[in-house]
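Scroll down for the structure; my scribbles are underneath it.
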Amino acid sequence: GESVGLHLPTLSVQEGDNSIINCAYSNSASDYFIWYKQESGKGPQFIIDIRSNMDKRQGQRVTVLLNKTVKHLSLQIAATQPGDSAVYFCAENPSGGYNKLIFGAGTRLAVHP
Amino acid sequence: EPEVTQTPSHQVTQMGQEVILRCVPISNHLYFYWYRQILGQKVEFLVSFYNNEISEKSEIFDDQFSVERPDGSNFTLKIRSTKLEDSAMYFCASSPTGVGTFGSGTRLTVV
């Protein structure tokens, strides 16, 4: 069945270091992917998205890489800050429409001073 | 910045009771969603709603669940007879197109 999973449940980094959060997806038909950040007590917050016709997309301090060959998605955060501490979810849109997102299990990012 | 507003933030209910979770989507959005997140687990899709009807629902969204857009601003999720396993955070989301903006959620506790 469809599934989106994460390689690492917890990632600890030093402030100022770069962080890489990984995600594997299983539905090769998915054409749209999103990274969300969730802080304690809040809803998922959009970070960055990418469509399947792209390999890389950059935002402010964040980069998403998509490897369709191995069905792998990663989120890179440059110069990680304490405010980046949160749970990060990848999500895929398997249907190509505007219906549902399938979320991964989440990775907790802990940034230490 | 426009927000999706959910009320209440926390609802405690007895097993078997009906609950209605309320959401005010962003005003010019056309697509509405409900997701849930059991404590410590991933976010799960429940239902999507467009043009005043359900466009897709998951296997979780059984006959105990229903959604309604009773007026031009509110979007509600009703659980008719709550079970212990319905305890979770329920998130509403809305979007003009594909990317949803999520509310802060309602924590439902069934006792």
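Residues are named by chain letter and number: chains run A, B, ... in the order of the structure tokens, numbers start at 1 in each chain, and ligands are numbered from 1 in the order shown.
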field: Exercise answer, chain A residues close to chain B, 8 Å and only C-alpha atoms, as a PyMOL selection string
entry: chain A and resi 41-46+97-106
Would you mind exporting the chosen residues as an mmCIF file, in the first residue's frame, restricted to all heavy atoms?
data_model
loop_
_atom_site.group_PDB
_atom_site.id
_atom_site.type_symbol
_atom_site.label_atom_id
_atom_site.label_comp_id
_atom_site.auth_asym_id
_atom_site.auth_seq_id
_atom_site.Cartn_x
_atom_site.Cartn_y
_atom_site.Cartn_z
ATOM 1 N N GLY A 41 2.274 21.603 20.213
ATOM 2 C CA GLY A 41 0.982 22.243 20.405
ATOM 3 C C GLY A 41 0.451 22.992 19.209
ATOM 4 O O GLY A 41 -0.569 23.669 19.300
ATOM 5 N N LYS A 42 1.141 22.865 18.072
ATOM 6 C CA LYS A 42 0.707 23.589 16.880
ATOM 7 C C LYS A 42 0.440 22.637 15.727
ATOM 8 O O LYS A 42 0.825 21.469 15.759
ATOM 9 C CB LYS A 42 1.775 24.606 16.469
ATOM 10 C CG LYS A 42 2.021 25.690 17.497
ATOM 11 C CD LYS A 42 3.013 26.713 16.981
ATOM 12 C CE LYS A 42 3.238 27.821 17.999
ATOM 13 N NZ LYS A 42 4.217 28.829 17.514
ATOM 14 N N GLY A 43 -0.205 23.148 14.707
ATOM 15 C CA GLY A 43 -0.445 22.360 13.524
ATOM 16 C C GLY A 43 0.773 22.354 12.615
ATOM 17 O O GLY A 43 1.700 23.148 12.792
ATOM 18 N N PRO A 44 0.803 21.465 11.640
ATOM 19 C CA PRO A 44 1.912 21.433 10.682
ATOM 20 C C PRO A 44 2.019 22.762 9.932
ATOM 21 O O PRO A 44 1.015 23.325 9.501
ATOM 22 C CB PRO A 44 1.534 20.289 9.741
ATOM 23 C CG PRO A 44 0.600 19.430 10.530
ATOM 24 C CD PRO A 44 -0.159 20.383 11.403
ATOM 25 N N GLN A 45 3.248 23.214 9.770
ATOM 26 C CA GLN A 45 3.515 24.474 9.087
ATOM 27 C C GLN A 45 4.311 24.188 7.823
ATOM 28 O O GLN A 45 5.358 23.541 7.879
ATOM 29 C CB GLN A 45 4.293 25.400 10.019
ATOM 30 C CG GLN A 45 4.692 26.725 9.411
ATOM 31 C CD GLN A 45 5.596 27.517 10.335
ATOM 32 O OE1 GLN A 45 5.936 27.066 11.417
ATOM 33 N NE2 GLN A 45 6.007 28.692 9.899
ATOM 34 N N PHE A 46 3.829 24.655 6.701
ATOM 35 C CA PHE A 46 4.496 24.442 5.413
ATOM 36 C C PHE A 46 5.900 25.033 5.421
ATOM 37 O O PHE A 46 6.111 26.161 5.874
ATOM 38 C CB PHE A 46 3.663 25.100 4.311
ATOM 39 C CG PHE A 46 4.326 25.141 2.962
ATOM 40 C CD1 PHE A 46 4.209 24.076 2.093
ATOM 41 C CD2 PHE A 46 5.065 26.240 2.568
ATOM 42 C CE1 PHE A 46 4.806 24.105 0.853
ATOM 43 C CE2 PHE A 46 5.668 26.285 1.325
ATOM 44 C CZ PHE A 46 5.543 25.213 0.464
ATOM 45 N N GLY A 97 -4.098 15.251 -7.456
ATOM 46 C CA GLY A 97 -5.113 16.296 -7.354
ATOM 47 C C GLY A 97 -4.958 17.095 -6.089
ATOM 48 O O GLY A 97 -3.879 17.172 -5.526
ATOM 49 N N TYR A 98 -6.042 17.636 -5.612
ATOM 50 C CA TYR A 98 -5.981 18.456 -4.405
ATOM 51 C C TYR A 98 -6.660 17.759 -3.237
ATOM 52 O O TYR A 98 -7.234 18.398 -2.376
ATOM 53 C CB TYR A 98 -6.653 19.805 -4.656
ATOM 54 C CG TYR A 98 -5.997 20.593 -5.755
ATOM 55 C CD1 TYR A 98 -6.752 21.308 -6.667
ATOM 56 C CD2 TYR A 98 -4.626 20.630 -5.873
ATOM 57 C CE1 TYR A 98 -6.155 22.035 -7.667
ATOM 58 C CE2 TYR A 98 -4.011 21.353 -6.870
ATOM 59 C CZ TYR A 98 -4.785 22.055 -7.765
ATOM 60 O OH TYR A 98 -4.185 22.777 -8.753
ATOM 61 N N ASN A 99 -6.581 16.449 -3.235
ATOM 62 C CA ASN A 99 -7.312 15.728 -2.223
ATOM 63 C C ASN A 99 -6.496 15.467 -0.962
ATOM 64 O O ASN A 99 -6.612 16.195 0.000
ATOM 65 C CB ASN A 99 -7.890 14.444 -2.802
ATOM 66 C CG ASN A 99 -9.064 14.743 -3.706
ATOM 67 O OD1 ASN A 99 -9.752 15.734 -3.517
ATOM 68 N ND2 ASN A 99 -9.284 13.909 -4.688
ATOM 69 N N LYS A 100 -5.716 14.448 -0.919
ATOM 70 C CA LYS A 100 -5.116 14.118 0.353
ATOM 71 C C LYS A 100 -3.601 14.161 0.299
ATOM 72 O O LYS A 100 -2.976 14.030 -0.755
ATOM 73 C CB LYS A 100 -5.553 12.727 0.797
ATOM 74 C CG LYS A 100 -5.013 11.595 -0.050
ATOM 75 C CD LYS A 100 -5.504 10.257 0.475
ATOM 76 C CE LYS A 100 -4.930 9.119 -0.356
ATOM 77 N NZ LYS A 100 -5.488 7.814 0.072
ATOM 78 N N LEU A 101 -3.037 14.329 1.470
ATOM 79 C CA LEU A 101 -1.609 14.176 1.666
ATOM 80 C C LEU A 101 -1.380 12.958 2.550
ATOM 81 O O LEU A 101 -2.128 12.735 3.507
ATOM 82 C CB LEU A 101 -1.014 15.410 2.340
ATOM 83 C CG LEU A 101 -0.999 16.704 1.525
ATOM 84 C CD1 LEU A 101 -0.508 17.857 2.405
ATOM 85 C CD2 LEU A 101 -0.124 16.567 0.290
ATOM 86 N N ILE A 102 -0.357 12.199 2.244
ATOM 87 C CA ILE A 102 0.068 11.088 3.100
ATOM 88 C C ILE A 102 1.333 11.533 3.804
ATOM 89 O O ILE A 102 2.330 11.871 3.152
ATOM 90 C CB ILE A 102 0.312 9.814 2.285
ATOM 91 C CG1 ILE A 102 -0.993 9.346 1.656
ATOM 92 C CG2 ILE A 102 0.883 8.719 3.177
ATOM 93 C CD1 ILE A 102 -0.823 8.143 0.756
ATOM 94 N N PHE A 103 1.274 11.534 5.131
ATOM 95 C CA PHE A 103 2.391 12.013 5.932
ATOM 96 C C PHE A 103 3.290 10.864 6.356
ATOM 97 O O PHE A 103 2.836 9.749 6.599
ATOM 98 C CB PHE A 103 1.871 12.710 7.195
ATOM 99 C CG PHE A 103 1.380 14.109 6.967
ATOM 100 C CD1 PHE A 103 0.158 14.351 6.379
ATOM 101 C CD2 PHE A 103 2.156 15.190 7.351
ATOM 102 C CE1 PHE A 103 -0.289 15.646 6.170
ATOM 103 C CE2 PHE A 103 1.717 16.494 7.155
ATOM 104 C CZ PHE A 103 0.490 16.723 6.563
ATOM 105 N N GLY A 104 4.563 11.176 6.498
ATOM 106 C CA GLY A 104 5.507 10.247 7.101
ATOM 107 C C GLY A 104 5.409 10.299 8.618
ATOM 108 O O GLY A 104 4.632 11.062 9.189
ATOM 109 N N ALA A 105 6.229 9.488 9.260
ATOM 110 C CA ALA A 105 6.149 9.318 10.711
ATOM 111 C C ALA A 105 6.729 10.492 11.487
ATOM 112 O O ALA A 105 6.423 10.668 12.648
ATOM 113 C CB ALA A 105 6.842 8.018 11.120
ATOM 114 N N GLY A 106 7.573 11.297 10.884
ATOM 115 C CA GLY A 106 8.133 12.454 11.570
ATOM 116 C C GLY A 106 9.527 12.212 12.106
ATOM 117 O O GLY A 106 9.866 11.105 12.539
#
Quick one: residues within 12 Å of Val111 (chain B), only C-alpha atoms counted, chain neighbours fewer than 6 positions away excluded, as a CSV table (one decimal) with all heavy atoms, in the first residue's frame?
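As written to disk, selection.csv reads:
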chain,number,residue,atom,x,y,z
B,11,GLN,N,-11.2,19.5,23.9
B,11,GLN,CA,-12.5,19.0,24.2
B,11,GLN,C,-12.4,17.6,24.9
B,11,GLN,O,-11.7,16.7,24.3
B,11,GLN,CB,-13.3,18.8,22.8
B,11,GLN,CG,-14.6,18.1,23.0
B,11,GLN,CD,-15.8,19.1,23.0
B,11,GLN,OE1,-15.7,20.1,22.3
B,11,GLN,NE2,-16.8,18.8,23.8
B,12,VAL,N,-13.1,17.5,26.0
B,12,VAL,CA,-13.1,16.3,26.7
B,12,VAL,C,-14.6,15.8,26.6
B,12,VAL,O,-15.5,16.6,26.9
B,12,VAL,CB,-12.7,16.4,28.2
B,12,VAL,CG1,-12.8,15.1,28.9
B,12,VAL,CG2,-11.3,17.0,28.3
B,13,THR,N,-14.7,14.5,26.3
B,13,THR,CA,-16.1,14.0,26.1
B,13,THR,C,-16.1,12.6,26.6
B,13,THR,O,-15.1,11.9,26.7
B,13,THR,CB,-16.5,14.1,24.7
B,13,THR,OG1,-17.9,13.8,24.6
B,13,THR,CG2,-15.8,13.1,23.8
B,14,GLN,N,-17.3,12.2,27.0
B,14,GLN,CA,-17.5,10.8,27.4
B,14,GLN,C,-17.7,9.9,26.2
B,14,GLN,O,-18.4,10.3,25.3
B,14,GLN,CB,-18.7,10.7,28.4
B,14,GLN,CG,-18.4,11.4,29.8
B,14,GLN,CD,-19.3,10.8,30.9
B,14,GLN,OE1,-20.4,10.4,30.6
B,14,GLN,NE2,-18.8,10.7,32.1
B,15,MET,N,-17.3,8.7,26.4
B,15,MET,CA,-17.4,7.7,25.3
B,15,MET,C,-18.9,7.6,25.0
B,15,MET,O,-19.8,7.5,25.9
B,15,MET,CB,-16.9,6.4,25.8
B,15,MET,CG,-16.8,5.3,24.8
B,15,MET,SD,-15.9,3.8,25.4
B,15,MET,CE,-16.7,3.5,27.0
B,16,GLY,N,-19.2,7.5,23.7
B,16,GLY,CA,-20.6,7.4,23.2
B,16,GLY,C,-21.3,8.8,23.0
B,16,GLY,O,-22.3,8.8,22.3
B,17,GLN,N,-20.7,9.8,23.4
B,17,GLN,CA,-21.2,11.2,23.2
B,17,GLN,C,-20.9,11.7,21.8
B,17,GLN,O,-19.8,11.3,21.2
B,17,GLN,CB,-20.7,12.2,24.2
B,17,GLN,CG,-21.2,11.8,25.6
B,17,GLN,CD,-22.7,11.9,25.7
B,17,GLN,OE1,-23.3,12.9,25.4
B,17,GLN,NE2,-23.4,10.8,26.2
B,82,THR,N,-18.6,8.8,20.1
B,82,THR,CA,-17.1,8.8,20.2
B,82,THR,C,-16.7,7.5,20.9
B,82,THR,O,-17.3,7.0,21.8
B,82,THR,CB,-16.6,10.0,21.0
B,82,THR,OG1,-17.4,10.1,22.2
B,82,THR,CG2,-16.7,11.3,20.2
B,83,LYS,N,-15.5,7.0,20.5
B,83,LYS,CA,-14.9,5.9,21.1
B,83,LYS,C,-13.5,6.3,21.7
B,83,LYS,O,-13.0,7.4,21.4
B,83,LYS,CB,-14.6,4.8,20.0
B,83,LYS,CG,-15.8,4.3,19.3
B,83,LYS,CD,-15.6,3.2,18.3
B,83,LYS,CE,-14.8,3.7,17.1
B,83,LYS,NZ,-15.7,4.5,16.2
B,84,LEU,N,-13.0,5.5,22.6
B,84,LEU,CA,-11.7,5.9,23.2
B,84,LEU,C,-10.6,6.1,22.2
B,84,LEU,O,-9.8,7.0,22.4
B,84,LEU,CB,-11.3,4.8,24.2
B,84,LEU,CG,-12.2,4.5,25.4
B,84,LEU,CD1,-11.7,3.3,26.2
B,84,LEU,CD2,-12.2,5.8,26.3
B,85,GLU,N,-10.7,5.3,21.2
B,85,GLU,CA,-9.6,5.4,20.1
B,85,GLU,C,-9.8,6.7,19.2
B,85,GLU,O,-8.9,6.9,18.4
B,85,GLU,CB,-9.5,4.2,19.3
B,85,GLU,CG,-10.9,3.7,18.7
B,85,GLU,CD,-11.6,2.7,19.5
B,85,GLU,OE1,-11.6,2.8,20.7
B,85,GLU,OE2,-12.2,1.8,18.9
B,86,ASP,N,-10.8,7.4,19.4
B,86,ASP,CA,-11.0,8.7,18.7
B,86,ASP,C,-10.1,9.8,19.4
B,86,ASP,O,-10.0,10.9,18.8
B,86,ASP,CB,-12.4,9.1,18.6
B,86,ASP,CG,-13.3,8.2,17.8
B,86,ASP,OD1,-12.7,7.6,16.8
B,86,ASP,OD2,-14.5,8.0,18.1
B,87,SER,N,-9.6,9.5,20.5
B,87,SER,CA,-8.8,10.5,21.2
B,87,SER,C,-7.6,10.9,20.3
B,87,SER,O,-6.8,10.0,20.0
B,87,SER,CB,-8.3,10.0,22.6
B,87,SER,OG,-9.4,9.8,23.4
Could you find all residues in chain A that DSSP calls strand (DSSP E) from the backbone, and write them as a compact mmCIF listing (two decimals) with N, CA, C and O atoms, in the first residue's frame?
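File produced: selection24.txt:
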# COMPACT_ATOMS: atom_id res chain seq x y z
N VAL A 4 4.65 6.49 3.47
CA VAL A 4 5.77 7.42 3.49
C VAL A 4 6.47 7.22 4.81
O VAL A 4 5.83 7.26 5.85
N GLY A 5 7.74 6.99 4.82
CA GLY A 5 8.42 6.71 6.07
C GLY A 5 9.67 7.51 6.22
O GLY A 5 10.15 8.14 5.30
N THR A 10 14.95 10.69 15.45
CA THR A 10 15.46 11.83 16.20
C THR A 10 16.81 12.24 15.62
O THR A 10 17.64 11.40 15.34
N LEU A 11 17.00 13.55 15.47
CA LEU A 11 18.24 14.09 14.99
C LEU A 11 18.68 15.21 15.91
O LEU A 11 17.94 16.16 16.12
N SER A 12 19.87 15.08 16.46
CA SER A 12 20.43 16.12 17.34
C SER A 12 21.59 16.80 16.63
O SER A 12 22.48 16.12 16.14
N VAL A 13 21.56 18.12 16.60
CA VAL A 13 22.62 18.87 15.93
C VAL A 13 23.04 20.05 16.80
O VAL A 13 22.28 20.50 17.67
N GLN A 14 24.24 20.53 16.54
CA GLN A 14 24.72 21.74 17.20
C GLN A 14 24.23 22.97 16.44
O GLN A 14 24.15 22.95 15.19
N SER A 19 21.62 20.58 8.94
CA SER A 19 20.82 19.40 9.27
C SER A 19 20.29 18.78 7.99
O SER A 19 19.95 19.48 7.04
N ILE A 20 20.22 17.46 8.00
CA ILE A 20 19.63 16.74 6.88
C ILE A 20 18.62 15.75 7.43
O ILE A 20 18.97 14.89 8.24
N ILE A 21 17.39 15.90 7.00
CA ILE A 21 16.31 15.00 7.41
C ILE A 21 15.86 14.23 6.18
O ILE A 21 15.64 14.82 5.12
N ASN A 22 15.75 12.93 6.33
CA ASN A 22 15.47 12.06 5.19
C ASN A 22 14.08 11.46 5.25
O ASN A 22 13.49 11.31 6.32
N CYS A 23 13.60 11.08 4.08
CA CYS A 23 12.26 10.49 3.96
C CYS A 23 12.24 9.56 2.77
O CYS A 23 12.81 9.87 1.72
N ALA A 24 11.61 8.39 2.94
CA ALA A 24 11.42 7.46 1.83
C ALA A 24 9.93 7.39 1.53
O ALA A 24 9.12 7.38 2.44
N TYR A 25 9.61 7.34 0.27
CA TYR A 25 8.21 7.17 -0.10
C TYR A 25 8.08 5.95 -1.00
O TYR A 25 9.05 5.51 -1.62
N TYR A 32 3.98 15.17 -6.08
CA TYR A 32 4.08 16.41 -5.33
C TYR A 32 4.42 16.07 -3.89
O TYR A 32 3.79 15.18 -3.29
N PHE A 33 5.40 16.77 -3.35
CA PHE A 33 5.91 16.45 -2.02
C PHE A 33 6.07 17.74 -1.22
O PHE A 33 6.45 18.79 -1.79
N ILE A 34 5.82 17.63 0.08
CA ILE A 34 5.89 18.81 0.94
C ILE A 34 6.62 18.43 2.22
O ILE A 34 6.46 17.30 2.73
N TRP A 35 7.39 19.36 2.72
CA TRP A 35 7.95 19.24 4.07
C TRP A 35 7.19 20.19 4.99
O TRP A 35 6.99 21.36 4.67
N TYR A 36 6.79 19.63 6.15
CA TYR A 36 6.12 20.42 7.17
C TYR A 36 6.94 20.41 8.45
O TYR A 36 7.62 19.43 8.77
N LYS A 37 6.82 21.49 9.18
CA LYS A 37 7.42 21.61 10.51
C LYS A 37 6.29 21.69 11.52
O LYS A 37 5.32 22.42 11.32
N GLN A 38 6.41 20.94 12.59
CA GLN A 38 5.38 20.98 13.63
C GLN A 38 6.03 21.25 14.98
O GLN A 38 6.79 20.42 15.48
N GLN A 45 3.25 23.21 9.77
CA GLN A 45 3.52 24.47 9.09
C GLN A 45 4.31 24.19 7.82
O GLN A 45 5.36 23.54 7.88
N PHE A 46 3.83 24.65 6.70
CA PHE A 46 4.50 24.44 5.41
C PHE A 46 5.90 25.03 5.42
O PHE A 46 6.11 26.16 5.87
N ILE A 47 6.86 24.23 4.94
CA ILE A 47 8.22 24.73 4.81
C ILE A 47 8.57 24.93 3.34
O ILE A 47 8.93 26.02 2.91
N ILE A 48 8.49 23.84 2.59
CA ILE A 48 8.89 23.89 1.19
C ILE A 48 8.26 22.71 0.46
O ILE A 48 7.97 21.68 1.08
N ASP A 49 8.04 22.87 -0.81
CA ASP A 49 7.47 21.77 -1.60
C ASP A 49 8.30 21.57 -2.86
O ASP A 49 9.15 22.39 -3.22
N ILE A 50 8.03 20.45 -3.51
CA ILE A 50 8.72 20.14 -4.76
C ILE A 50 7.84 19.24 -5.60
O ILE A 50 7.15 18.36 -5.07
N ARG A 51 7.87 19.46 -6.90
CA ARG A 51 7.13 18.59 -7.81
C ARG A 51 8.08 17.56 -8.41
O ARG A 51 9.29 17.75 -8.42
N LYS A 56 15.60 19.40 -7.24
CA LYS A 56 16.07 20.23 -6.13
C LYS A 56 15.28 21.53 -6.14
O LYS A 56 14.94 22.08 -7.18
N ARG A 57 15.02 22.01 -4.92
CA ARG A 57 14.36 23.31 -4.79
C ARG A 57 14.90 23.97 -3.54
O ARG A 57 15.02 23.33 -2.50
N GLN A 58 15.19 25.25 -3.66
CA GLN A 58 15.78 25.96 -2.53
C GLN A 58 14.84 27.04 -2.03
O GLN A 58 14.16 27.72 -2.80
N VAL A 62 16.61 26.54 3.54
CA VAL A 62 16.18 25.15 3.36
C VAL A 62 16.29 24.76 1.90
O VAL A 62 16.09 25.58 1.00
N THR A 63 16.61 23.48 1.71
CA THR A 63 16.70 22.89 0.38
C THR A 63 16.03 21.54 0.43
O THR A 63 16.26 20.76 1.37
N VAL A 64 15.21 21.23 -0.56
CA VAL A 64 14.62 19.91 -0.66
C VAL A 64 15.22 19.23 -1.89
O VAL A 64 15.35 19.84 -2.95
N LEU A 65 15.61 17.98 -1.69
CA LEU A 65 16.16 17.18 -2.78
C LEU A 65 15.24 15.99 -3.00
O LEU A 65 14.77 15.37 -2.04
N LEU A 66 14.98 15.70 -4.26
CA LEU A 66 14.12 14.58 -4.61
C LEU A 66 14.88 13.62 -5.52
O LEU A 66 15.39 14.03 -6.57
N ASN A 67 14.95 12.38 -5.12
CA ASN A 67 15.58 11.34 -5.93
C ASN A 67 14.50 10.33 -6.29
O ASN A 67 14.16 9.45 -5.48
N HIS A 72 13.33 8.85 -2.73
CA HIS A 72 13.89 9.42 -1.51
C HIS A 72 13.79 10.94 -1.56
O HIS A 72 14.02 11.57 -2.60
N LEU A 73 13.46 11.50 -0.42
CA LEU A 73 13.28 12.94 -0.27
C LEU A 73 14.11 13.38 0.92
O LEU A 73 14.16 12.66 1.93
N SER A 74 14.76 14.52 0.80
CA SER A 74 15.49 15.02 1.96
C SER A 74 15.26 16.52 2.13
O SER A 74 14.97 17.23 1.16
N LEU A 75 15.39 16.94 3.37
CA LEU A 75 15.29 18.36 3.71
C LEU A 75 16.61 18.76 4.34
O LEU A 75 17.04 18.15 5.32
N GLN A 76 17.24 19.75 3.77
CA GLN A 76 18.48 20.28 4.31
C GLN A 76 18.21 21.65 4.91
O GLN A 76 17.62 22.50 4.26
N ILE A 77 18.64 21.82 6.14
CA ILE A 77 18.51 23.10 6.82
C ILE A 77 19.91 23.63 7.06
O ILE A 77 20.72 22.97 7.73
N ALA A 86 11.96 21.11 16.26
CA ALA A 86 10.56 20.75 16.01
C ALA A 86 10.54 19.33 15.46
O ALA A 86 11.58 18.70 15.30
N VAL A 87 9.34 18.86 15.14
CA VAL A 87 9.19 17.61 14.41
C VAL A 87 8.94 17.95 12.95
O VAL A 87 8.14 18.83 12.64
N TYR A 88 9.65 17.28 12.07
CA TYR A 88 9.54 17.53 10.64
C TYR A 88 8.90 16.33 9.96
O TYR A 88 9.29 15.18 10.19
N PHE A 89 7.89 16.62 9.16
CA PHE A 89 7.18 15.58 8.42
C PHE A 89 7.35 15.80 6.93
O PHE A 89 7.22 16.93 6.44
N CYS A 90 7.58 14.72 6.20
CA CYS A 90 7.43 14.79 4.76
C CYS A 90 6.01 14.30 4.44
O CYS A 90 5.41 13.54 5.20
N ALA A 91 5.48 14.77 3.35
CA ALA A 91 4.14 14.37 2.92
C ALA A 91 4.13 14.26 1.41
O ALA A 91 4.81 15.02 0.72
N GLU A 92 3.35 13.31 0.92
CA GLU A 92 3.24 13.15 -0.52
C GLU A 92 1.78 13.23 -0.94
O GLU A 92 0.88 12.88 -0.17
N ASN A 93 1.59 13.69 -2.15
CA ASN A 93 0.27 13.70 -2.75
C ASN A 93 0.23 12.58 -3.77
O ASN A 93 0.82 12.70 -4.84
N ILE A 102 -0.36 12.20 2.24
CA ILE A 102 0.07 11.09 3.10
C ILE A 102 1.33 11.53 3.80
O ILE A 102 2.33 11.87 3.15
N PHE A 103 1.27 11.53 5.13
CA PHE A 103 2.39 12.01 5.93
C PHE A 103 3.29 10.86 6.36
O PHE A 103 2.84 9.75 6.60
N THR A 107 10.35 13.25 12.05
CA THR A 107 11.69 13.25 12.66
C THR A 107 11.77 14.43 13.60
O THR A 107 11.46 15.56 13.22
N ARG A 108 12.20 14.14 14.82
CA ARG A 108 12.37 15.24 15.78
C ARG A 108 13.77 15.81 15.62
O ARG A 108 14.75 15.08 15.70
N LEU A 109 13.85 17.09 15.40
CA LEU A 109 15.14 17.78 15.29
C LEU A 109 15.37 18.54 16.59
O LEU A 109 14.55 19.38 16.98
N ALA A 110 16.47 18.23 17.25
CA ALA A 110 16.84 18.91 18.49
C ALA A 110 18.12 19.69 18.24
O ALA A 110 19.13 19.10 17.86
N VAL A 111 18.07 21.00 18.43
CA VAL A 111 19.22 21.85 18.18
C VAL A 111 19.80 22.28 19.52
O VAL A 111 19.12 22.87 20.35
N HIS A 112 21.07 21.96 19.71
CA HIS A 112 21.75 22.27 20.97
C HIS A 112 22.68 23.47 20.82
O HIS A 112 23.37 23.58 19.80
field: Spatial neighbours of region 75-80 of chain B, max dist 8 Å, only C-alpha atoms, sep filter under 3 positions, as a ChimeraX atom specification
entry: /B:16-25,32,34,64-70
